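Working notes for the structure below.
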Amino acid sequence: MGARVNTAAAGTANWVDERTSIGGFVKFFARKLFPDHWSFMLGEIALYSFIVLLLSGVFLTAFFVPSMTIVTYDGPLATMQGVEMSEAFASTLHMSFEVPGGLLMRQIHHWSALLFTAAIVTHMARVFFTGAFRKPRELNWLVGFTLMILSLAAGFSGYSLPDDVLSGNGLRIIEGVTRSIPIVGEYISYWIFGGEFPGEILIPRLFTMHILLVPGLILVLIALHLFLVFLHKHTQYPGGGRKHTNVVGLPLFPVYTAKAGGFFFVVFGIVALVAAVFTINPVWNYGPYDPSPVSAGTQPDWYILFVDGALRLMPGWLFDVIPMEWEIWGYTLSWNLLIPALILPGLFFGFLALYPWIEAWATGDRGEKHVLDRPRNAPVRTGIGVALITFYVVLVMEGSNDIIANLFHLSLNDLTYFFRIGIFVLPVLAFWITRRICFGLQRKDRELVLHGKETGRIVRHEHGEYVEVHEPLTDQERWLLVSYDDIAPLEIEDEYNDRGVRRKGYRWDRFKKWLSHLYFEKRISPVTPEELEAAKHEHH
Amino acid sequence: MSTTENSTGHGPEGSETTNGFENPGMPYHRPRRADVDPKADKKAERQVAALFGVSIVGTVIAVGSYMALDMTDEIDSIRFVNMAIGLGIFLAMMGIGLGAIHWAKTLMRDHEMVEERHALRSSDESREGAIQNLKDGAEDSGLGGVKRRPVLVGSMLTALLAAPLAILWPQIGNMGADWNTSNFGHTMWRKGMKLTRDPDGTPIKASDVTIGSAFHVIPEGLNELEHHKIEEKAKAVVLLLRLDPRDLNLQPGREDWSFDGIIAFSKICTHVGCPVALYEQQTHHLLCPCHQSTFDVANGAKVVFGPAKRPLPQLPITVDDEGYIIAQSDFHEPIGPSYWTRLKDTSDGLHADETEGSSH
């Protein structure tokens, strides 16, 4: 039996290989090494929740009718009897209440969309804080960045499809923001909605975008993202035996296939459990879209909250005297929309996209970096990362200010005033505190290397002195604490050469020098072997 | 080179030392219990098989629930069927996942291996070859080299840049319907049109509107519209309120736009267009729940807090012979959020009698 199976397998393999030369491919990939760390699973969660999205999404398309034609509801839901609604909303109710398991699939789809965006953002944070975006991975950072933006587009377009009151108001906000764009805004709005808001064509257009354009792009970019991961080989955390020139890990087949493959089922299982137990987006409670009603305390999905928060934060009148909507030469310029909804997210995302280059200018380093940084060993980067997160969290909290105010019995207006100041102050504070903490941890690491670990064992010397015995670190432990890159600030050539001629590119160099000093002026260098030797003599 | 090369503390590529310390090499590999104890090995194997068994049970639960449970019109029965299938899927997936991971962690060889990396840069020969190939191609075609054909290159690039227009122009041209964005500037309100209740469309008498009350209003005849009903509603919804006339500061030029403390404002926020639905009777404040722009009804709905800049547009109203509240005209300015040419659609707002309907 076994032998026959083997012969059959060999026969098939031979048949395929003679037509595809897949043998070389398998030889190359089967034992490719992957370093192991829990934080490398964040990107996997993003990938797997996307697969769950595809699977559940195909089911939903079998029942959803992307049409804004008005029908009168006649189904099992008593509260909606006789209500006029679009076919999109009616079909959403139908699949939820008349298709066994339909509601479950909707909830699996929605929960995994939330997980998808959340996993992308946390994965991105991991890549940022460990410096995994450095050469040669700058391009892959951009691919990942684009995937993050696409995930927002996928989420928002899907959220809008059921055509309920909540998502309809979300679309109306989009329409208002679009209109505010100078000169072309009104026409872009007409282009999107096929005329005036809401029109009769938007849901079919969003549907195409949601099930074809955006997921198609996401698939292509995921393929590129993973191809580059294979090409570059995965980064690894520092440790004994690990270098910028090697990769230490377990083979793709079988260990990684089992672990990563198994993890897909775990992610799917957890999403299914959450979707089975917790209701999400109960559109049957909100009702179909109607431009008139809206209820308090309603919020978009989490990944859109920051834009909503920015819109809330921005005052229409600065200090009650300076209007944030200008009328110049008979035209209207709405800074109160342009700044929070377009300029601010543009700057935020732009900075994020360009960050690998900004840091490369500061370090001046041109080598390939495959060993990750411990965040403490890059204090300015870590500070910037925490500042960005703080900035983002302030916006998210302002986006939920009504809920926070309600929960903690605070004044809504006071909260907004607080966040209006906080958006400027808190990120700076977060940067400063984080950098201090990093320096503190680096000093602690130096202490450990120089003096070893505390053992809790107190010894009394002959002359009466009490000392605690310190145990020196093992080679492995010490290596982790001393092997990080100690980067000195850039020095540049003078502005004028010997003959007093101003050299080209000086200004650019001066900028890089300024940047580099910002990063590395103050730094804690790792212990040197000489220092370690000296510390040993001090003790004995 | 203008900047000095930076030292990162690392020695030459692949060197075994960093910052003067020697890389200690791979740490000692600690065997797991299943590696040394055959009993533990057998136990782990049983655990993995049990987990795969859990998955099979989950599949049976999911399929069984779908087939056996009936869904009635009761919300609870719908919830129950979905939950049972969901829990089945949970077990079916989780069993496979945990089984595979447990197998990998306890029984598969866990010796870490080392592989050298190679610099990504192509070899010098490859680069030279690539450049030569491109040069040859350019030479063969006339794109470059000795027999360069600039006329062909120029005309081809122009054609390539222009060609997308042949597709995009008609496509985009059709996507914006009539592109008549001046529609932003007016609503269906006309002189003499009754203010009616949202959503049933019954007219409102002035005597129905008690002090402190608020009505959600749509124009008479909205519900009978054959086309663009939602678009018209999205612009025409109004809030009708009655204040004690002593609290109401009538705005200059609008003294006759309200009736005995009854006043009507557009319900669409001047910020980004959410319905301004929350009315606080005591302070006479209208709050938009989306971004919390707050308007003071007693003072011409001017902004007292939040991101909106302009007051809510006021609908001039009066009362007809039968006591019903009617509009004097359309709004005198575009309702809702701002846009570039907004002022072009705005009349001066002072001569209510002269502007009727959409004749701005």
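Each chain of the structure tokens is named A, B, ... in the order shown, its residues numbered from 1; ligands are numbered from 1 in display order.
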Which residues of chain A come within 6 Å of chain B, and what is each one's closest atom pair and distance in Å (one decimal), counting only C-alpha atoms, sorted by chain and residue number, as JSON lines?
```
{"residue": "A:Pro76", "atom": "CA", "partner": "B:Asp73", "partner_atom": "CA", "distance": 5.2}
{"residue": "A:Gly101", "atom": "CA", "partner": "B:Asn82", "partner_atom": "CA", "distance": 4.9}
{"residue": "A:Leu104", "atom": "CA", "partner": "B:Asn82", "partner_atom": "CA", "distance": 5.4}
{"residue": "A:Ile173", "atom": "CA", "partner": "B:Val272", "partner_atom": "CA", "distance": 5.3}
{"residue": "A:Gly176", "atom": "CA", "partner": "B:Val272", "partner_atom": "CA", "distance": 4.4}
{"residue": "A:Arg179", "atom": "CA", "partner": "B:Tyr339", "partner_atom": "CA", "distance": 5.4}
{"residue": "A:Ser180", "atom": "CA", "partner": "B:Tyr339", "partner_atom": "CA", "distance": 4.9}
{"residue": "A:Pro182", "atom": "CA", "partner": "B:Trp340", "partner_atom": "CA", "distance": 5.5}
{"residue": "A:Ile183", "atom": "CA", "partner": "B:Trp340", "partner_atom": "CA", "distance": 5.8}
{"residue": "A:Tyr190", "atom": "CA", "partner": "B:Gly176", "partner_atom": "CA", "distance": 4.8}
{"residue": "A:Trp191", "atom": "CA", "partner": "B:Gly176", "partner_atom": "CA", "distance": 4.1}
{"residue": "A:Gly194", "atom": "CA", "partner": "B:Gly176", "partner_atom": "CA", "distance": 4.4}
{"residue": "A:Gly195", "atom": "CA", "partner": "B:Ala177", "partner_atom": "CA", "distance": 5.3}
{"residue": "A:Phe197", "atom": "CA", "partner": "B:Glu231", "partner_atom": "CA", "distance": 5.9}
{"residue": "A:Gly240", "atom": "CA", "partner": "B:Gly25", "partner_atom": "CA", "distance": 4.8}
{"residue": "A:Gly241", "atom": "CA", "partner": "B:Gly25", "partner_atom": "CA", "distance": 3.7}
{"residue": "A:Thr245", "atom": "CA", "partner": "B:Arg117", "partner_atom": "CA", "distance": 5.2}
{"residue": "A:Asn246", "atom": "CA", "partner": "B:Glu116", "partner_atom": "CA", "distance": 4.2}
{"residue": "A:Val247", "atom": "CA", "partner": "B:Glu115", "partner_atom": "CA", "distance": 5.3}
{"residue": "A:Val248", "atom": "CA", "partner": "B:Val114", "partner_atom": "CA", "distance": 4.5}
{"residue": "A:Gly249", "atom": "CA", "partner": "B:Glu112", "partner_atom": "CA", "distance": 4.9}
{"residue": "A:Leu250", "atom": "CA", "partner": "B:Glu112", "partner_atom": "CA", "distance": 5.3}
{"residue": "A:Val255", "atom": "CA", "partner": "B:Ala104", "partner_atom": "CA", "distance": 5.5}
{"residue": "A:Ala258", "atom": "CA", "partner": "B:Ala100", "partner_atom": "CA", "distance": 5.3}
{"residue": "A:Lys259", "atom": "CA", "partner": "B:Ile101", "partner_atom": "CA", "distance": 4.8}
{"residue": "A:Gly262", "atom": "CA", "partner": "B:Gly97", "partner_atom": "CA", "distance": 3.8}
{"residue": "A:Phe263", "atom": "CA", "partner": "B:Gly97", "partner_atom": "CA", "distance": 5.6}
{"residue": "A:Phe265", "atom": "CA", "partner": "B:Gly97", "partner_atom": "CA", "distance": 4.6}
{"residue": "A:Val266", "atom": "CA", "partner": "B:Gly97", "partner_atom": "CA", "distance": 4.9}
{"residue": "A:Gly269", "atom": "CA", "partner": "B:Phe90", "partner_atom": "CA", "distance": 4.2}
{"residue": "A:Ala272", "atom": "CA", "partner": "B:Phe90", "partner_atom": "CA", "distance": 5.3}
{"residue": "A:Leu273", "atom": "CA", "partner": "B:Phe90", "partner_atom": "CA", "distance": 5.3}
{"residue": "A:Ala276", "atom": "CA", "partner": "B:Met83", "partner_atom": "CA", "distance": 4.6}
{"residue": "A:Pro291", "atom": "CA", "partner": "B:Ala234", "partner_atom": "CA", "distance": 4.9}
{"residue": "A:Ser292", "atom": "CA", "partner": "B:Pro275", "partner_atom": "CA", "distance": 5.9}
{"residue": "A:Ala296", "atom": "CA", "partner": "B:Pro289", "partner_atom": "CA", "distance": 5.2}
{"residue": "A:Arg312", "atom": "CA", "partner": "B:His291", "partner_atom": "CA", "distance": 4.6}
{"residue": "A:Met314", "atom": "CA", "partner": "B:Pro307", "partner_atom": "CA", "distance": 5.4}
{"residue": "A:Pro315", "atom": "CA", "partner": "B:Pro307", "partner_atom": "CA", "distance": 4.3}
{"residue": "A:Gly316", "atom": "CA", "partner": "B:Pro307", "partner_atom": "CA", "distance": 4.0}
{"residue": "A:Tyr331", "atom": "CA", "partner": "B:Trp340", "partner_atom": "CA", "distance": 5.3}
{"residue": "A:Thr332", "atom": "CA", "partner": "B:Trp340", "partner_atom": "CA", "distance": 4.7}
{"residue": "A:Gly364", "atom": "CA", "partner": "B:Asn6", "partner_atom": "CA", "distance": 6.0}
{"residue": "A:Asp365", "atom": "CA", "partner": "B:Asn6", "partner_atom": "CA", "distance": 5.9}
{"residue": "A:Ser483", "atom": "CA", "partner": "B:Thr18", "partner_atom": "CA", "distance": 5.6}
{"residue": "A:Asp485", "atom": "CA", "partner": "B:Thr8", "partner_atom": "CA", "distance": 5.2}
{"residue": "A:Asp486", "atom": "CA", "partner": "B:Thr8", "partner_atom": "CA", "distance": 5.5}
{"residue": "A:Ile487", "atom": "CA", "partner": "B:Thr8", "partner_atom": "CA", "distance": 5.1}
{"residue": "A:Ile492", "atom": "CA", "partner": "B:Thr3", "partner_atom": "CA", "distance": 5.2}
```
**OP:** List the neighbours of Pro251 (chain A) out to 7 Å using only C-alpha atoms; skip same-chain residues closer than 6 positions along the sequence, and give me the result as a count of residues only.
**Re:** 4
**OP:** Once DSSP has gone over the backbone, tell me which residues of region 27-219 of chain A are in helix (DSSP H, G or I), as an MDAnalysis selection string.
**Re:** chainID A and resid 27:30 38:61 78:80 87:97 102:129 138:160 165:179 185:193 202:219
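The two atoms in question, CA of Val321 (chain A) and CA of Ile403 (chain A), are spaced 29.1 Å apart.
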**OP:** Tell me, as a list in words, which residues lie within 10 Å of Pro288 (chain A), counting only C-alpha atoms; anything in the same chain fewer than 6 positions away does not count.
**Re:** Met80, Val83, Glu84, Met85, Ser86, Glu87, Ala88, Phe89, Ala90, Pro162, Asp163, Asp164, Val165, Leu166, Ser167 and Gly168 of chain A
Original post:
Nearest to Ala214 (chain B): which of B:Val63, B:Ile167, B:Leu195, B:Leu240 is it, counting only C-alpha atoms?
Top reply: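 Among the listed residues, the smallest separation from Ala214 (chain B) belongs to B:Leu240.
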**OP:** Would you kindly return, as number ranges by chain, each protein, DNA or RNA residue with an atom no farther than 12 Å from any atom of Thr196 (chain B), considering only C-alpha atoms and excluding same-chain residues fewer than 6 positions away?
**Re:** B: 189, 202-206, 208, 215-223, 236-240, 324-327
**OP:** Quick one: pick out all strand (DSSP E or B) residues within region 1-222 of chain B from a backbone DSSP run and write them as an MDAnalysis selection string.
**Re:** chainID B and resid 3 10 17:18 21:22 113:116 194:197 203 205 214:219
Can I get the selected residues back with C-alpha atoms, as a compact mmCIF listing (two decimals), in the first residue's frame?
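As a result, part34.txt now contains:
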```
# COMPACT_ATOMS: atom_id res chain seq x y z
CA THR B 3 29.15 62.96 3.75
CA HIS B 10 29.86 46.58 13.13
CA THR B 17 32.56 40.79 16.45
CA THR B 18 30.45 43.82 17.25
CA PHE B 21 32.61 41.66 21.66
CA GLU B 22 32.63 38.32 19.96
CA MET B 113 19.31 26.14 11.47
CA VAL B 114 21.50 28.79 9.92
CA GLU B 115 21.48 30.01 6.35
CA GLU B 116 23.80 32.65 4.92
CA LYS B 194 -46.92 73.87 3.66
CA LEU B 195 -44.51 72.65 6.31
CA THR B 196 -45.47 69.04 7.01
CA ARG B 197 -44.45 66.39 9.53
CA PRO B 203 -49.47 69.78 7.61
CA LYS B 205 -50.95 74.36 12.29
CA ALA B 214 -39.68 70.95 18.00
CA PHE B 215 -41.02 69.44 14.77
CA HIS B 216 -39.09 67.51 12.14
CA VAL B 217 -40.41 68.92 8.92
CA ILE B 218 -40.51 67.98 5.23
CA PRO B 219 -42.04 70.04 2.41
```
**OP:** Can you pull out every residue within 7 Å of Val380 (chain A), counting only C-alpha atoms, but drop anything in the same chain fewer than 3 positions away, and send it as a list in words?
**Re:**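 Listing them by chain and then by number gives Gly383, Ile384, Arg435 and Tyr519 of chain A.
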Original post:
Expressed in Å to a single decimal, how great is the separation between CA of Phe207 (chain A) and CA of Phe156 (chain A)?
Top reply: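 According to the coordinates, CA of Phe207 (chain A) and CA of Phe156 (chain A) are separated by 11.2 Å.
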Subject >> Spatial neighbours of Leu518 (chain A), max dist 12 Å, only C-alpha atoms, sep filter under 4 positions, as a list in words >> reply: Ile358, Glu359, Trp361, Ala362, Thr363, Pro379, Val380, Arg381, Gly383, Ile384, Ala488, Pro489, Leu490, Phe511, Lys512, Lys513, Trp514, Lys522 and Arg523 of chain A
**OP:** Would you mind reading off the distance between CA of Arg376 (chain A) and CA of Lys233 (chain A), one decimal, in Å?
**Re:**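 Here the two named atoms are 24.4 Å from each other.
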